[in-house]
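Asker: I am sharing protein_37.csv, which consists of CSV, C-alpha atoms:
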```csv
chain,number,residue,atom,x,y,z
A,88,MET,CA,20.5,-11.6,-0.7
A,89,ARG,CA,20.6,-10.1,2.8
A,90,ALA,CA,23.1,-7.6,3.8
A,91,ALA,CA,24.8,-7.6,7.2
A,92,ALA,CA,22.7,-4.7,8.4
A,93,ALA,CA,19.6,-6.9,8.3
A,94,ASP,CA,21.2,-9.8,10.2
A,95,ARG,CA,22.1,-8.0,13.4
A,96,THR,CA,19.8,-6.5,15.9
A,97,GLN,CA,19.6,-2.7,15.9
A,98,THR,CA,19.8,-0.5,18.9
A,99,PRO,CA,16.5,1.0,20.0
A,100,SER,CA,17.2,4.5,18.6
A,101,THR,CA,18.3,3.1,15.3
A,102,LEU,CA,15.3,0.8,15.2
A,103,TYR,CA,12.9,3.7,15.5
A,104,LEU,CA,14.9,5.8,13.0
A,105,ILE,CA,14.6,2.9,10.5
A,106,CYS,CA,10.9,2.6,11.1
A,107,ALA,CA,10.4,6.4,10.7
A,108,ALA,CA,12.4,6.2,7.4
A,109,ALA,CA,10.3,3.2,6.3
A,110,TRP,CA,7.1,5.2,7.0
A,111,PHE,CA,8.3,8.4,5.4
A,112,VAL,CA,9.7,6.9,2.2
A,113,PRO,CA,8.0,3.6,1.2
A,114,GLY,CA,10.6,0.9,0.9
A,115,ALA,CA,13.4,3.0,2.6
A,116,GLY,CA,13.5,0.7,5.6
A,117,HIS,CA,14.1,-2.4,3.6
A,118,LEU,CA,16.7,-0.6,1.5
A,119,TRP,CA,18.4,0.6,4.8
A,120,LEU,CA,18.5,-3.0,6.0
A,121,GLY,CA,20.0,-4.2,2.7
A,122,ARG,CA,16.9,-5.8,1.2
A,123,ARG,CA,17.2,-4.0,-2.0
A,124,GLN,CA,14.7,-6.0,-4.1
A,125,LYS,CA,12.0,-5.6,-1.6
A,126,GLY,CA,12.7,-2.0,-1.0
A,127,ILE,CA,12.5,-1.1,-4.7
A,128,VAL,CA,9.3,-3.0,-5.2
A,129,PHE,CA,7.6,-1.3,-2.2
A,130,LEU,CA,8.9,2.1,-3.4
A,131,VAL,CA,7.5,1.7,-6.9
A,132,ALA,CA,4.3,-0.2,-6.1
A,133,LEU,CA,3.1,1.8,-3.1
A,134,THR,CA,4.0,5.2,-4.6
A,135,SER,CA,2.3,4.3,-7.9
A,136,MET,CA,-0.8,3.0,-6.1
A,137,PHE,CA,-1.0,6.3,-4.2
A,138,ALA,CA,-0.5,8.4,-7.3
A,139,PHE,CA,-3.0,6.3,-9.2
A,140,GLY,CA,-5.6,7.0,-6.5
A,141,LEU,CA,-5.0,10.7,-6.8
A,142,TRP,CA,-5.3,10.4,-10.6
A,143,LEU,CA,-8.7,8.8,-10.1
A,144,GLU,CA,-9.8,11.9,-8.3
A,145,GLY,CA,-9.5,10.4,-4.8
A,146,ARG,CA,-9.5,12.6,-1.8
A,147,LEU,CA,-6.9,13.2,0.9
A,148,PHE,CA,-9.2,13.2,3.9
A,149,PRO,CA,-8.9,15.9,6.6
A,150,PHE,CA,-8.5,15.1,10.3
A,151,GLU,CA,-12.0,15.8,11.4
A,152,MET,CA,-12.4,14.2,14.9
A,153,THR,CA,-16.2,15.0,14.8
A,154,GLN,CA,-16.5,12.4,12.0
A,155,PRO,CA,-14.6,9.3,13.2
A,156,LEU,CA,-14.6,7.5,9.8
A,157,VAL,CA,-13.2,10.5,8.0
A,158,ALA,CA,-10.5,10.8,10.7
A,159,LEU,CA,-9.6,7.1,10.3
A,160,ALA,CA,-9.4,7.6,6.5
A,161,ALA,CA,-7.1,10.5,7.1
A,162,ILE,CA,-4.8,8.4,9.3
A,163,ALA,CA,-4.8,5.7,6.6
A,164,ASP,CA,-3.9,8.3,4.0
A,165,LEU,CA,-1.1,9.6,6.2
A,166,GLY,CA,0.4,6.0,6.3
A,167,ILE,CA,2.0,6.5,2.9
A,168,GLY,CA,4.4,9.2,4.4
A,169,CYS,CA,6.3,11.6,2.1
A,170,PRO,CA,4.0,11.2,-1.0
A,171,TYR,CA,1.1,12.4,1.2
A,172,PHE,CA,2.9,15.7,2.1
A,173,VAL,CA,4.1,16.2,-1.5
A,174,ALA,CA,0.5,15.8,-2.7
A,175,ARG,CA,-0.7,18.2,-0.1
A,176,LEU,CA,2.0,20.8,-1.1
A,177,MET,CA,1.1,20.3,-4.8
A,178,GLY,CA,-2.6,21.0,-4.0
A,179,VAL,CA,-3.8,17.7,-5.3
A,180,GLY,CA,-6.1,15.3,-3.5
A,181,ALA,CA,-9.1,17.6,-3.2
A,182,GLY,CA,-11.3,14.8,-4.5
A,183,GLN,CA,-14.1,15.2,-7.0
A,184,VAL,CA,-17.2,13.7,-5.4
A,185,VAL,CA,-19.0,13.8,-8.7
A,186,ALA,CA,-16.3,11.9,-10.5
A,187,ILE,CA,-17.2,8.4,-11.4
A,188,THR,CA,-13.9,7.2,-10.1
A,189,TYR,CA,-14.0,9.1,-6.8
A,190,GLU,CA,-14.6,6.1,-4.5
A,191,TYR,CA,-12.1,4.0,-6.4
A,192,GLY,CA,-9.5,6.7,-6.0
A,193,ASN,CA,-10.1,6.8,-2.2
A,194,THR,CA,-9.7,3.0,-2.1
A,195,PHE,CA,-6.4,3.1,-3.8
A,196,ILE,CA,-5.1,6.0,-1.6
A,197,ILE,CA,-6.3,4.4,1.7
A,198,ALA,CA,-5.0,0.9,0.8
A,199,ALA,CA,-1.6,2.3,-0.2
A,200,GLY,CA,-1.3,4.0,3.2
A,201,LEU,CA,-2.4,0.9,5.1
A,202,LEU,CA,0.0,-1.4,3.1
A,203,ASN,CA,2.9,1.0,3.9
A,204,MET,CA,2.0,0.6,7.6
A,205,LEU,CA,2.3,-3.2,7.1
A,206,VAL,CA,5.7,-2.6,5.4
A,207,VAL,CA,6.8,-0.6,8.5
A,208,LEU,CA,5.8,-3.4,10.8
A,209,ASP,CA,7.8,-5.8,8.6
A,210,VAL,CA,10.9,-3.5,8.8
A,211,PHE,CA,10.4,-3.4,12.6
A,212,ASP,CA,10.5,-7.3,12.8
A,213,ILE,CA,13.6,-7.5,10.5
A,214,ALA,CA,15.4,-4.8,12.5
A,215,LYS,CA,14.6,-6.6,15.7
A,216,GLY,CA,16.1,-9.8,14.3
A,217,ARG,CA,12.8,-11.7,14.2
A,218,LYS,CA,12.9,-12.3,10.5
B,295,MET,CA,-9.2,1.8,-18.0
B,296,THR,CA,-11.8,3.3,-15.6
B,297,SER,CA,-14.2,0.3,-15.8
B,298,HIS,CA,-15.1,-1.4,-12.5
B,299,PHE,CA,-13.4,-4.6,-13.7
B,300,GLY,CA,-10.3,-2.9,-15.0
B,301,LEU,CA,-9.8,-1.0,-11.7
B,302,MET,CA,-10.4,-4.1,-9.7
B,303,VAL,CA,-7.6,-5.9,-11.7
B,304,ILE,CA,-5.2,-3.0,-11.2
B,305,PHE,CA,-6.0,-2.9,-7.5
B,306,SER,CA,-5.5,-6.6,-7.2
B,307,LEU,CA,-2.2,-6.4,-9.0
B,308,PHE,CA,-0.8,-3.8,-6.6
B,309,VAL,CA,-2.0,-5.6,-3.5
B,310,SER,CA,-0.8,-9.0,-4.7
B,311,VAL,CA,2.7,-7.6,-5.5
B,312,VAL,CA,3.0,-5.9,-2.1
B,313,PHE,CA,1.7,-9.0,-0.2
B,314,ALA,CA,3.9,-11.4,-2.1
B,315,VAL,CA,7.0,-9.4,-1.6
B,316,LEU,CA,6.2,-8.8,2.0
B,317,THR,CA,5.6,-12.4,2.9
B,318,ARG,CA,8.1,-14.3,0.8
B,319,ASP,CA,11.8,-13.9,0.5
B,320,ASP,CA,12.7,-16.0,-2.5
B,321,PRO,CA,11.9,-14.2,-5.9
B,322,LYS,CA,10.5,-17.5,-7.3
B,323,ASP,CA,8.2,-17.9,-4.3
B,324,GLN,CA,7.1,-14.3,-4.6
B,325,ILE,CA,6.1,-14.8,-8.2
B,326,LYS,CA,4.2,-18.0,-7.4
B,327,PHE,CA,2.4,-16.6,-4.4
B,328,GLY,CA,1.7,-13.3,-6.1
B,329,ALA,CA,0.2,-15.0,-9.1
B,330,ARG,CA,-2.0,-17.1,-6.8
B,331,LEU,CA,-3.1,-14.1,-4.8
B,332,PHE,CA,-3.9,-12.1,-8.0
B,333,GLY,CA,-5.9,-15.0,-9.4
B,334,GLY,CA,-7.7,-15.4,-6.2
B,335,PHE,CA,-8.6,-11.7,-5.9
B,336,VAL,CA,-9.8,-11.4,-9.5
B,337,GLY,CA,-11.6,-14.8,-9.4
B,338,ALA,CA,-13.3,-14.0,-6.1
B,339,GLY,CA,-14.3,-10.6,-7.5
B,340,VAL,CA,-15.9,-12.1,-10.6
B,341,LEU,CA,-17.6,-14.9,-8.6
B,342,ILE,CA,-19.1,-12.5,-6.0
B,343,GLY,CA,-20.1,-10.1,-8.8
B,344,TRP,CA,-22.1,-13.0,-10.5
B,345,LEU,CA,-23.6,-14.1,-7.1
B,346,LEU,CA,-24.8,-10.5,-6.6
B,347,TYR,CA,-26.1,-10.3,-10.2
B,348,PRO,CA,-29.8,-11.1,-9.3
B,349,LEU,CA,-29.9,-8.4,-6.6
B,350,PRO,CA,-32.0,-6.5,-5.8
B,351,LEU,CA,-34.5,-9.2,-6.1
```
Let me see the file written as structure tokens.
Answerer:
Amino acid sequence: MRAAAADRTQTPSTLYLICAAAWFVPGAGHLWLGRRQKGIVFLVALTSMFAFGLWLEGRLFPFEMTQPLVALAAIADLGIGCPYFVARLMGVGAGQVVAITYEYGNTFIIAAGLLNMLVVLDVFDIAKGRK
Amino acid sequence: MTSHFGLMVIFSLFVSVVFAVLTRDDPKDQIKFGARLFGGFVGAGVLIGWLLYPLPL
């Protein structure tokens, strides 16, 4: 079930716009390219995974360049796009270090961001006409 | 719900779903591959858990 949008190569500006949309809203790139089933699954699964991580008292790491691992975790967190900013605006993601689920929460949040980055790469390939 | 095993199963489920949908186009293939991935993740987790059971020696 592929729509025509996915079957033709996109212009460079549209290509980057689609990738930006795919990063900002998980699954949006696939929806844009007519791959509805994939887009909906990514939207639900990645957003739920991120929210679950927050519920487990995970932390949204700050960009501290003096601590490279913390900075890398922050970049991974940011990979999820819009939900990251919504969580920041809502004031969640402070992280409870003493919570028994703290590290699990971090794992869910970081993995959700990294998986969304993979999804963006997939969108890039589809939009380029490689898939 | 917040047990180590329970969280590992939930994590495996999310990752399997995303990988299966990402790498396969046909819904049947997605389900098959997703189930195999999920089983592999959980099985490997349990196996490694048992291998690490005697540690620290």
Asker: Nearest to chain B among A:Phe137, A:Phe148, A:Tyr171, A:Phe195, with distances taken over only C-alpha atoms: which residue is it?
Answerer: A:Phe195
Asker: Between atom CA of A:Arg123 and atom CA of A:Ile196, what is the distance in Å, rounded to a tenth?
Answerer: 24.4 Å
Asker: To one decimal place in Å, what is the distance between atom CA of A:Gly114 and atom CA of A:Ile197?
Answerer: 17.3 Å
Asker: Which residues of chain A come within 9 Å of chain B, and what is each one's closest atom pair and distance in Å (one decimal), counting only C-alpha atoms, sorted by chain and residue number, as CSV?
Answerer:
```
residue,atom,partner,partner_atom,distance
A:Gln124,CA,B:Val315,CA,8.8
A:Lys125,CA,B:Val315,CA,6.3
A:Val128,CA,B:Val312,CA,7.6
A:Phe129,CA,B:Val312,CA,6.5
A:Ala132,CA,B:Phe308,CA,6.3
A:Leu133,CA,B:Phe308,CA,7.7
A:Ser135,CA,B:Phe308,CA,8.8
A:Met136,CA,B:Phe308,CA,6.8
A:Leu143,CA,B:Thr296,CA,8.4
A:Ile187,CA,B:Thr296,CA,8.5
A:Thr188,CA,B:Thr296,CA,7.1
A:Tyr191,CA,B:Leu301,CA,7.6
A:Thr194,CA,B:Phe305,CA,8.8
A:Phe195,CA,B:Phe305,CA,7.1
A:Ala198,CA,B:Val309,CA,8.4
A:Ala199,CA,B:Val309,CA,8.6
A:Leu202,CA,B:Val312,CA,7.5
A:Leu205,CA,B:Leu316,CA,8.5
A:Val206,CA,B:Leu316,CA,7.1
A:Asp209,CA,B:Leu316,CA,7.4
```
Asker: Go ahead and compute the interatomic distance for atom CA of A:Thr98 and atom CA of A:Leu118, in Å to one decimal.
Answerer: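 Computing the Euclidean distance for atom CA of A:Thr98 and atom CA of A:Leu118 yields 17.7 Å.
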Asker: Could you pull the residues within 7 Å of A:Cys169, counting all atoms listed in the file, minus those fewer than 3 positions along the same chain, as a list in words?
Answerer: Phe111, Val112, Phe172 and Val173 of chain A
Asker: Would you list the contacts of stretch 105-107 of chain A as a ChimeraX atom specification, taking every protein, DNA or RNA residue within 10 Å and counting only C-alpha atoms, but skipping same-chain residues closer than 6 positions in sequence?
Answerer: /A:97,99,115-120,168,204,206-211,214
Asker: At a cut-off of 6 Å, using all atoms listed in the file, what residues contact stretch 329-345 of chain B? Leave out same-chain residues fewer than 3 positions from it and give the result as a list in words.
Answerer: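 With the cut-off at 6 Å, the set is Ser306, Ser310, Ile325 and Lys326 of chain B.
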